[in-house]
Amino acid sequence: MLKIAVAKGDGIGPEIMDAVLQIFDAAKVPLQYEVVEMGRWVFDKGFSNGMTPEAQQTIETLGILFKGPMETPKGKGVKSVNVTARKTWNTYANKRTFQSLHGVDTVFSKAGIPINVTIVRENIEDTYGGIEHMLTNDVALCRRFITRPGSKQVIQYAFEMARQMGAKRVTCGHKANIMKITDGLFLEVFKEVAANYPDIKADDVIVDDLCMKLVTRPDLFEVVVLTNLQGDIVSDLCAGLVGGLGFAPSANIGNHISIFEAVHGTAPDITGKGIANPTALLLSGIGMLRHLGLLKSAAIIENALLYTLESGVHTGDFGNKEIPSVGTAAFAQAIIDNFGKAPAHNPKALGEDVPVTIEVEKLTQNPAIASNSGEQLDTVGVDFFVEHAGQPQQVADACLVAIGSLPYKLVTISNRGTQVWPKGSIFTNVVNQYRCRIESTSGQPLSQTDVINLYTQVANHLKVASLELLHVVGDKALYSLAQGQ
Ligand code: NAI
């Protein structure tokens with residue numbers, strides 16, 4: 001029998017995981033569970049990544065982790081166990097399906113607008129790299145990495161998943177109108193991948209417009225793929241459309257290891273009261289059963305869940321307030337009692353259990369996912385980020401002295417992305433950090449030694465906080481212009 005790792009988690013985690021496993025057992029789901037030590041409580045025992053080495057070993061052997069929510073200890077320097085797990089095992093696609101559930105009243109259910117939208121969120125990159133620095137005492141920087149191969153992995157997953165579930169449309173949500181390089185790359189890869197799926201309509205929408213459209217006509221969308229942070233926000237928005245976090249399941253899919261969990265957290269305000277809603281974790285578990293080919297088990301449980309919701313049985317966080325709520329265990333028992341009953345809305349066809357085999361490849365080195373585009377990047381200049389509390393002209397004067405008679409020119413100075421030199425507006429507020437763009441005038445690409453020499457020159461006159469190289473491929477600049485440049 002297929003074996004999976006189970007981590008009950010913190011807060012309400014053990015309460016809802018016990019309820020879900022009780023339902024699985026009653027449905028005779030052909031799975032064995034190996035409970036692993038992972039979560040805040042493991043962190044407190046001195047394991048800085050929130051899991052014991054044995055837990056890591058088990059998960060890396062079994063390839064499937066079914067997990068309860070885990071608390072992120074507050075305080076600087078402490079990383080989220082949840083994010084660490086997703087990133088360590090490269091579960092690059094975060095799939096969250098949101099569908100209207102009869103018995104869970106929302107403005108849309110009342111208006112007769114059905115929702116069935118799946119958000120695929122990139123799960124590794126973006127600002128979630130957590131690479132942040134204070135550049136001056138006033139200026140914080142977060143680096144946002146969007147990569148070509150990382151984008152390709154998640155976008156390809158979205159199209160494959162769409163094809164499997166019979167979806168006709170995949171939409172890319174992005175902000176490429178503003179972040180032309182990062183979101184622009186994500187959108188470019190989206191268009192490249194979409195070309196391989198002519199049977200699926202592929203379109204894109206700017207993320208703010210997407211939010212507006214989702215709250216007015218959520219029924220128009222089927223699959224939406226987004227970068228990490230935008231996907232995080234949009235998926236919580238979608239959770240709200242179908243009744244809240246209690247109904248938001250999620251799957252973190254990777255090539256080797258996949259993690260199934262609810263979107264919500266540990267709910268410290270209701271922990272230990274036995275009133276938590278296990279539906280989101282149960283829906284995540286149902287998604288996991290389908291991932292493992294256990295279609296019949298998934299359908300039996302889902303039908304019983306839908307029937308139970310339709311019948312008005314509810315935990316305290318949703319449902320008809322005139323019907324008294326039940327606790328977690330009683331809710332689970334009601335589902336078990338409804339096995340074999342078909343809901344009036346969206347009954348699932350039973351199908352057959354055809355368990356897939358999960359074999360985690362034994363890796364000897366980290367998989368490299370370079371795109372091998374073979375493009376030659378030439379360095380034509382440097383953006384120096386300098387700490388300076390004075391006026392733009394003072395910064396320019398210092399740069400011009402630094403350049404002297406060297407074959408470079410000062411092209412622009414910006415502050416928080418807005419050009420303040422050679423032209424600008426006196427109404428632009430300035431903080432104590434400027435970006436000075438210095439480009440080569442020799443027509444030759446800069447070597448690393450040239451960059452170091454230039455750095456030395458600039459550092460003789462200004463305090464350099466950070467720098468970025470300016471690359472071109474042929475005539476194409478691989479960096480953004482300053483606003484107003
Ligand atoms: P939360 O999702 O735990 O709670 C937000 C609100 O929703 C609370 O009022 C809570 O009572 C309610 N709620 C959540 N799940 C519920 C359920 N199943 N049934 C009934 N009500 C439910 O978010 P919060 O308070 O921001 O985070 C608490 C902790 O959880 C933090 O340490 C956070 O880092 C962690 N967290 C973990 C996640 C994970 O393991 N994937 C995801 C989100 C947060």
# chains A, B, ... in the order shown; residues from 1 in each chain; ligands from 1

call {"tool": "residues_near_ligand", "arguments": {"ligand": "ligand 1", "cutoff": "7 Å", "atoms": "only C-alpha atoms and all ligand atoms", "output": "number ranges by chain"}}
result
A: 68-73, 80, 82, 245-246, 261-270, 276-278, 280, 317

call {"tool": "write_last_selection", "arguments": {"atoms": "N, CA, C and O atoms", "output": "tab-separated table (two decimals), in the first residue's frame"}}
result
chain	number	residue	atom	x	y	z
A	68	GLY	N	-0.50	19.65	8.19
A	68	GLY	CA	-1.35	20.63	8.85
A	68	GLY	C	-0.62	21.97	8.86
A	68	GLY	O	0.57	22.05	8.53
A	69	PRO	N	-1.32	23.04	9.25
A	69	PRO	CA	-0.66	24.35	9.28
A	69	PRO	C	0.44	24.40	10.34
A	69	PRO	O	0.37	23.70	11.34
A	70	MET	N	1.44	25.22	10.08
A	70	MET	CA	2.55	25.36	11.03
A	70	MET	C	2.80	26.82	11.34
A	70	MET	O	2.77	27.66	10.44
A	71	GLU	N	3.06	27.06	12.61
A	71	GLU	CA	3.23	28.44	13.06
A	71	GLU	C	4.62	28.95	12.67
A	71	GLU	O	5.60	28.23	12.79
A	72	THR	N	4.66	30.20	12.22
A	72	THR	CA	5.96	30.83	11.99
A	72	THR	C	6.29	31.62	13.25
A	72	THR	O	5.59	32.58	13.57
A	73	PRO	N	7.36	31.22	13.98
A	73	PRO	CA	7.71	31.98	15.17
A	73	PRO	C	7.99	33.43	14.80
A	73	PRO	O	8.62	33.70	13.78
A	80	SER	N	9.83	30.89	7.90
A	80	SER	CA	8.64	30.06	7.99
A	80	SER	C	8.97	28.62	7.61
A	80	SER	O	9.61	28.36	6.60
A	82	ASN	N	6.84	26.51	6.66
A	82	ASN	CA	6.03	26.21	5.48
A	82	ASN	C	6.76	26.61	4.20
A	82	ASN	O	6.85	25.85	3.25
A	245	LEU	N	-11.23	31.22	4.20
A	245	LEU	CA	-10.08	30.33	4.27
A	245	LEU	C	-10.46	28.90	4.65
A	245	LEU	O	-9.73	27.96	4.35
A	246	GLY	N	-11.59	28.74	5.29
A	246	GLY	CA	-12.03	27.40	5.68
A	246	GLY	C	-12.31	26.50	4.49
A	246	GLY	O	-12.49	25.29	4.64
A	261	GLU	N	-1.73	20.78	1.63
A	261	GLU	CA	-2.05	21.47	2.88
A	261	GLU	C	-3.19	22.45	2.64
A	261	GLU	O	-3.50	22.80	1.49
A	262	ALA	N	-3.82	22.92	3.74
A	262	ALA	CA	-4.84	23.96	3.62
A	262	ALA	C	-4.13	25.30	3.44
A	262	ALA	O	-2.96	25.45	3.79
A	263	VAL	N	-4.85	26.29	2.90
A	263	VAL	CA	-4.24	27.62	2.75
A	263	VAL	C	-4.13	28.32	4.10
A	263	VAL	O	-3.20	29.07	4.37
A	264	HIS	N	-5.10	28.03	5.00
A	264	HIS	CA	-5.14	28.78	6.26
A	264	HIS	C	-4.00	28.40	7.20
A	264	HIS	O	-3.27	27.43	6.97
A	265	GLY	N	-3.88	29.16	8.28
A	265	GLY	CA	-2.82	28.94	9.25
A	265	GLY	C	-3.30	28.17	10.47
A	265	GLY	O	-4.28	27.40	10.38
A	266	THR	N	-2.61	28.39	11.58
A	266	THR	CA	-2.82	27.56	12.77
A	266	THR	C	-3.99	28.02	13.64
A	266	THR	O	-4.28	27.39	14.65
A	267	ALA	N	-4.62	29.12	13.26
A	267	ALA	CA	-5.79	29.66	13.98
A	267	ALA	C	-5.61	29.64	15.50
A	267	ALA	O	-6.36	28.97	16.20
A	268	PRO	N	-4.61	30.38	16.01
A	268	PRO	CA	-4.35	30.32	17.45
A	268	PRO	C	-5.55	30.74	18.30
A	268	PRO	O	-5.71	30.26	19.44
A	269	ASP	N	-6.43	31.59	17.72
A	269	ASP	CA	-7.57	32.07	18.51
A	269	ASP	C	-8.60	30.98	18.82
A	269	ASP	O	-9.38	31.11	19.76
A	270	ILE	N	-8.58	29.87	18.06
A	270	ILE	CA	-9.57	28.82	18.34
A	270	ILE	C	-8.92	27.47	18.64
A	270	ILE	O	-9.60	26.45	18.78
A	276	ALA	N	-12.62	23.95	15.05
A	276	ALA	CA	-12.03	24.32	13.73
A	276	ALA	C	-12.75	23.58	12.61
A	276	ALA	O	-13.21	22.44	12.78
A	277	ASN	N	-12.78	24.24	11.47
A	277	ASN	CA	-13.41	23.68	10.27
A	277	ASN	C	-12.36	22.85	9.51
A	277	ASN	O	-11.37	23.40	9.03
A	278	PRO	N	-12.57	21.56	9.37
A	278	PRO	CA	-11.55	20.74	8.69
A	278	PRO	C	-11.71	20.71	7.17
A	278	PRO	O	-10.97	20.00	6.49
A	280	ALA	N	-11.06	22.72	4.54
A	280	ALA	CA	-9.95	23.08	3.65
A	280	ALA	C	-8.90	21.98	3.62
A	280	ALA	O	-8.39	21.61	2.56
A	317	ASP	N	-17.63	28.76	11.88
A	317	ASP	CA	-17.09	29.83	11.02
A	317	ASP	C	-17.92	30.08	9.77
A	317	ASP	O	-17.61	30.99	9.02

call {"tool": "residues_around", "arguments": {"residues": "Phe98 in chain A", "least_positions_apart": "5", "cutoff": "9 Å", "atoms": "only C-alpha atoms", "output": "list in words"}}
result
Ile115, Asn116, Val117, Thr118, Ile119, Ser235, Cys238, Ala239, Leu241, Val242, Phe247, Ala248 and Pro249 of chain A

call {"tool": "closest_residue", "arguments": {"among": "A:Gln230, A:Gln393, A:Thr147, A:Ser405", "to": "Lys175 in chain A", "atoms": "only C-alpha atoms"}}
result
A:Gln230

call {"tool": "closest_atom_pairs", "arguments": {"of": "range 65-113 of chain A", "to": "range 126-141 of chain A", "cutoff": "10 Å", "atoms": "only C-alpha atoms", "output": "JSON lines"}}
result
{"residue": "A:Lys79", "atom": "CA", "partner": "A:Gly130", "partner_atom": "CA", "distance": 8.9}
{"residue": "A:Val83", "atom": "CA", "partner": "A:Tyr128", "partner_atom": "CA", "distance": 8.3}
{"residue": "A:Lys87", "atom": "CA", "partner": "A:Gly129", "partner_atom": "CA", "distance": 8.8}

call {"tool": "write_last_selection", "arguments": {"atoms": "N, CA, C and O atoms", "output": "PDB file, in the first residue's frame"}}
result
ATOM      1  N   LYS A  79      12.740  31.864   9.803  1.00  0.00           N
ATOM      2  CA  LYS A  79      12.045  31.642   8.528  1.00  0.00           C
ATOM      3  C   LYS A  79      10.836  30.744   8.771  1.00  0.00           C
ATOM      4  O   LYS A  79      10.826  29.912   9.666  1.00  0.00           O
ATOM      5  N   VAL A  83       7.294  27.841   4.226  1.00  0.00           N
ATOM      6  CA  VAL A  83       7.997  28.334   3.041  1.00  0.00           C
ATOM      7  C   VAL A  83       9.289  27.535   2.839  1.00  0.00           C
ATOM      8  O   VAL A  83       9.634  27.149   1.720  1.00  0.00           O
ATOM      9  N   LYS A  87      10.300  25.473  -0.539  1.00  0.00           N
ATOM     10  CA  LYS A  87      11.467  25.859  -1.327  1.00  0.00           C
ATOM     11  C   LYS A  87      12.522  24.753  -1.331  1.00  0.00           C
ATOM     12  O   LYS A  87      13.130  24.483  -2.351  1.00  0.00           O
TER      13      LYS A  87
END

call {"tool": "residues_around", "arguments": {"residues": "Ala26 in chain A", "least_positions_apart": "2", "cutoff": "10 Å", "atoms": "only C-alpha atoms", "output": "PyMOL selection string"}}
result
chain A and resi 20-24+28-29+301+333+335-337+339

call {"tool": "write_last_selection", "arguments": {"atoms": "all heavy atoms", "output": "compact mmCIF listing (two decimals), in the first residue's frame"}}
result
# COMPACT_ATOMS: atom_id res chain seq x y z
N VAL A 20 -9.57 14.59 9.56
CA VAL A 20 -9.46 14.19 8.15
C VAL A 20 -9.01 12.72 8.04
O VAL A 20 -9.57 11.95 7.26
CB VAL A 20 -8.49 15.13 7.39
CG1 VAL A 20 -8.14 14.58 6.01
CG2 VAL A 20 -9.10 16.52 7.27
N LEU A 21 -8.03 12.33 8.86
CA LEU A 21 -7.56 10.94 8.79
C LEU A 21 -8.64 9.97 9.25
O LEU A 21 -8.74 8.84 8.74
CB LEU A 21 -6.27 10.77 9.60
CG LEU A 21 -5.05 11.55 9.04
CD1 LEU A 21 -3.79 11.22 9.84
CD2 LEU A 21 -4.81 11.26 7.55
N GLN A 22 -9.48 10.44 10.17
CA GLN A 22 -10.61 9.60 10.62
C GLN A 22 -11.57 9.36 9.43
O GLN A 22 -12.05 8.25 9.22
CB GLN A 22 -11.33 10.37 11.73
CG GLN A 22 -12.32 9.56 12.54
CD GLN A 22 -13.21 10.48 13.38
OE1 GLN A 22 -12.82 11.62 13.69
NE2 GLN A 22 -14.38 10.00 13.74
N ILE A 23 -11.79 10.42 8.64
CA ILE A 23 -12.65 10.28 7.45
C ILE A 23 -11.99 9.35 6.44
O ILE A 23 -12.63 8.46 5.87
CB ILE A 23 -12.92 11.68 6.83
CG1 ILE A 23 -13.72 12.54 7.81
CG2 ILE A 23 -13.64 11.57 5.49
CD1 ILE A 23 -13.82 14.02 7.42
N PHE A 24 -10.69 9.51 6.24
CA PHE A 24 -9.96 8.64 5.29
C PHE A 24 -10.06 7.17 5.74
O PHE A 24 -10.29 6.29 4.92
CB PHE A 24 -8.48 9.05 5.23
CG PHE A 24 -8.19 10.21 4.30
CD1 PHE A 24 -9.19 11.06 3.89
CD2 PHE A 24 -6.90 10.45 3.84
CE1 PHE A 24 -8.93 12.14 3.04
CE2 PHE A 24 -6.62 11.50 2.99
CZ PHE A 24 -7.63 12.36 2.59
N LYS A 28 -11.89 3.80 4.08
CA LYS A 28 -10.92 2.73 3.71
C LYS A 28 -9.98 3.18 2.58
O LYS A 28 -9.71 2.45 1.61
CB LYS A 28 -11.63 1.44 3.32
CG LYS A 28 -12.50 0.88 4.45
CD LYS A 28 -12.80 -0.59 4.23
CE LYS A 28 -13.44 -1.26 5.42
NZ LYS A 28 -14.42 -0.49 6.18
N VAL A 29 -9.51 4.39 2.68
CA VAL A 29 -8.54 4.92 1.70
C VAL A 29 -7.27 4.06 1.77
O VAL A 29 -6.72 3.86 2.86
CB VAL A 29 -8.21 6.40 2.03
CG1 VAL A 29 -7.03 6.88 1.20
CG2 VAL A 29 -9.42 7.28 1.80
N ILE A 301 -15.54 10.54 -0.75
CA ILE A 301 -15.39 11.51 0.34
C ILE A 301 -15.93 12.88 -0.09
O ILE A 301 -16.64 13.54 0.68
CB ILE A 301 -13.91 11.60 0.78
CG1 ILE A 301 -13.46 10.25 1.34
CG2 ILE A 301 -13.72 12.69 1.82
CD1 ILE A 301 -11.97 10.14 1.61
N GLN A 333 -17.75 13.32 11.67
CA GLN A 333 -18.64 12.16 11.79
C GLN A 333 -19.84 12.29 10.85
O GLN A 333 -20.27 11.31 10.24
CB GLN A 333 -19.13 12.02 13.25
CG GLN A 333 -19.86 10.72 13.53
CD GLN A 333 -19.02 9.47 13.18
OE1 GLN A 333 -17.86 9.36 13.57
NE2 GLN A 333 -19.59 8.55 12.38
N ILE A 335 -19.86 13.69 7.99
CA ILE A 335 -19.38 13.33 6.64
C ILE A 335 -19.32 11.81 6.50
O ILE A 335 -19.79 11.24 5.51
CB ILE A 335 -18.00 13.98 6.37
CG1 ILE A 335 -18.14 15.50 6.33
CG2 ILE A 335 -17.38 13.46 5.06
CD1 ILE A 335 -16.84 16.27 6.28
N ILE A 336 -18.79 11.17 7.52
CA ILE A 336 -18.68 9.70 7.48
C ILE A 336 -20.08 9.08 7.37
O ILE A 336 -20.31 8.17 6.57
CB ILE A 336 -17.94 9.19 8.75
CG1 ILE A 336 -16.48 9.67 8.71
CG2 ILE A 336 -18.03 7.67 8.86
CD1 ILE A 336 -15.71 9.47 9.99
N ASP A 337 -21.03 9.65 8.13
CA ASP A 337 -22.41 9.11 8.09
C ASP A 337 -23.04 9.30 6.72
O ASP A 337 -24.02 8.63 6.40
CB ASP A 337 -23.27 9.82 9.16
CG ASP A 337 -22.81 9.46 10.57
OD1 ASP A 337 -22.08 8.46 10.71
OD2 ASP A 337 -23.15 10.20 11.52
N PHE A 339 -21.46 8.91 3.78
CA PHE A 339 -20.81 8.15 2.71
C PHE A 339 -21.87 7.45 1.88
O PHE A 339 -22.83 6.87 2.42
CB PHE A 339 -19.86 7.08 3.28
CG PHE A 339 -18.53 7.62 3.73
CD1 PHE A 339 -17.71 6.86 4.55
CD2 PHE A 339 -18.09 8.88 3.34
CE1 PHE A 339 -16.48 7.34 4.98
CE2 PHE A 339 -16.85 9.37 3.76
CZ PHE A 339 -16.06 8.60 4.58

call {"tool": "closest_residue", "arguments": {"among": "A:His461, A:Lys191, A:Arg290, A:His174", "to": "Arg121 in chain A", "atoms": "only C-alpha atoms"}}
result
A:His174

call {"tool": "closest_residue", "arguments": {"among": "A:Cys172, A:Ala55, A:Ala298, A:Ala330", "to": "Val313 in chain A", "atoms": "only C-alpha atoms"}}
result
A:Ala330

call {"tool": "select_by_dssp", "arguments": {"residues": "range 190-402 of chain A", "states": "strand (DSSP E)", "output": "ChimeraX atom specification"}}
result
/A:201-206,223-226,249-253,258-262,378-387

call {"tool": "residues_around", "arguments": {"residues": "range 370-382 of chain A", "least_positions_apart": "3", "cutoff": "8 Å", "atoms": "only C-alpha atoms", "output": "PyMOL selection string"}}
result
chain A and resi 148-149+437-440+444-447+451+467-473

call {"tool": "select_by_dssp", "arguments": {"residues": "range 202-411 of chain A", "states": "alpha helix (DSSP H)", "output": "ChimeraX atom specification"}}
result
/A:207-216,228-241,279-291,295-310,328-337,392-403

call {"tool": "residues_around", "arguments": {"residues": "His256 in chain A", "least_positions_apart": "3", "cutoff": "9 Å", "atoms": "only C-alpha atoms", "output": "PDB file with N, CA, C and O atoms, in the first residue's frame"}}
result
ATOM      1  N   GLU A  60      11.670  12.852   2.045  1.00  0.00           N
ATOM      2  CA  GLU A  60      12.451  12.729   0.810  1.00  0.00           C
ATOM      3  C   GLU A  60      12.410  11.304   0.256  1.00  0.00           C
ATOM      4  O   GLU A  60      12.692  11.086  -0.909  1.00  0.00           O
ATOM      5  N   GLY A  63       8.072  11.069  -0.743  1.00  0.00           N
ATOM      6  CA  GLY A  63       7.718  11.968  -1.854  1.00  0.00           C
ATOM      7  C   GLY A  63       6.402  12.703  -1.701  1.00  0.00           C
ATOM      8  O   GLY A  63       6.102  13.588  -2.500  1.00  0.00           O
ATOM      9  N   ILE A  64       5.584  12.320  -0.723  1.00  0.00           N
ATOM     10  CA  ILE A  64       4.300  13.007  -0.522  1.00  0.00           C
ATOM     11  C   ILE A  64       4.199  13.404   0.946  1.00  0.00           C
ATOM     12  O   ILE A  64       4.387  12.565   1.839  1.00  0.00           O
ATOM     13  N   TRP A  89      12.223  21.625  -1.226  1.00  0.00           N
ATOM     14  CA  TRP A  89      11.905  20.493  -2.098  1.00  0.00           C
ATOM     15  C   TRP A  89      11.407  20.945  -3.466  1.00  0.00           C
ATOM     16  O   TRP A  89      10.871  20.158  -4.236  1.00  0.00           O
ATOM     17  N   ASN A  90      11.582  22.228  -3.724  1.00  0.00           N
ATOM     18  CA  ASN A  90      11.259  22.771  -5.045  1.00  0.00           C
ATOM     19  C   ASN A  90       9.844  22.412  -5.505  1.00  0.00           C
ATOM     20  O   ASN A  90       9.637  21.939  -6.616  1.00  0.00           O
ATOM     21  N   THR A  91       8.894  22.602  -4.649  1.00  0.00           N
ATOM     22  CA  THR A  91       7.495  22.417  -5.063  1.00  0.00           C
ATOM     23  C   THR A  91       7.096  23.718  -5.763  1.00  0.00           C
ATOM     24  O   THR A  91       6.540  24.623  -5.165  1.00  0.00           O
ATOM     25  N   ILE A 253       3.201  21.413  -5.815  1.00  0.00           N
ATOM     26  CA  ILE A 253       3.639  20.322  -6.683  1.00  0.00           C
ATOM     27  C   ILE A 253       5.087  20.516  -7.127  1.00  0.00           C
ATOM     28  O   ILE A 253       5.449  21.600  -7.600  1.00  0.00           O
ATOM     29  N   ILE A 358       4.757   6.288  -6.481  1.00  0.00           N
ATOM     30  CA  ILE A 358       5.621   7.450  -6.267  1.00  0.00           C
ATOM     31  C   ILE A 358       7.028   6.923  -6.003  1.00  0.00           C
ATOM     32  O   ILE A 358       7.265   6.234  -5.004  1.00  0.00           O
ATOM     33  N   GLU A 359       7.915   7.199  -6.903  1.00  0.00           N
ATOM     34  CA  GLU A 359       9.299   6.774  -6.684  1.00  0.00           C
ATOM     35  C   GLU A 359      10.176   8.002  -6.730  1.00  0.00           C
ATOM     36  O   GLU A 359      10.339   8.622  -7.788  1.00  0.00           O
ATOM     37  N   VAL A 360      10.694   8.380  -5.596  1.00  0.00           N
ATOM     38  CA  VAL A 360      11.529   9.577  -5.574  1.00  0.00           C
ATOM     39  C   VAL A 360      12.909   9.192  -6.088  1.00  0.00           C
ATOM     40  O   VAL A 360      13.553   8.285  -5.553  1.00  0.00           O
ATOM     41  N   GLU A 361      13.297   9.895  -7.152  1.00  0.00           N
ATOM     42  CA  GLU A 361      14.599   9.640  -7.759  1.00  0.00           C
ATOM     43  C   GLU A 361      15.706   9.870  -6.732  1.00  0.00           C
ATOM     44  O   GLU A 361      15.619  10.802  -5.928  1.00  0.00           O
TER      45      GLU A 361
END

call {"tool": "closest_residue", "arguments": {"among": "A:Ala368, A:Ile323, A:Val420, A:Val401", "to": "Gly103 in chain A", "atoms": "only C-alpha atoms"}}
result
A:Ile323

call {"tool": "closest_residue", "arguments": {"among": "A:Asp232, A:Asp353, A:Asp475, A:Asp10", "to": "Ala93 in chain A", "atoms": "only C-alpha atoms"}}
result
A:Asp232

call {"tool": "residues_around", "arguments": {"residues": "Phe260 in chain A", "least_positions_apart": "6", "cutoff": "8 Å", "atoms": "only C-alpha atoms", "output": "CSV table (one decimal) with C-alpha atoms, in the first residue's frame"}}
result
chain,number,residue,atom,x,y,z
A,64,ILE,CA,4.3,13.0,-0.5
A,65,LEU,CA,3.7,15.2,2.5
A,66,PHE,CA,0.2,15.8,3.9
A,67,LYS,CA,0.6,18.6,6.4
A,250,SER,CA,-3.8,23.8,-1.8
A,251,ALA,CA,-1.2,21.5,-3.4
A,252,ASN,CA,2.5,22.3,-3.7
A,284,SER,CA,-6.5,19.4,0.1
A,285,GLY,CA,-6.5,15.7,1.1
A,287,GLY,CA,-6.8,16.7,-4.2
A,288,MET,CA,-3.9,14.5,-2.9

call {"tool": "closest_residue", "arguments": {"among": "A:Arg96, A:Lys201, A:His291, A:His102", "to": "Gly312 in chain A", "atoms": "only C-alpha atoms"}}
result
A:His102

call {"tool": "atom_distance", "arguments": {"atom1": "CA of Val81 in chain A", "atom2": "CA of Met38 in chain A"}}
result
8.1 Å
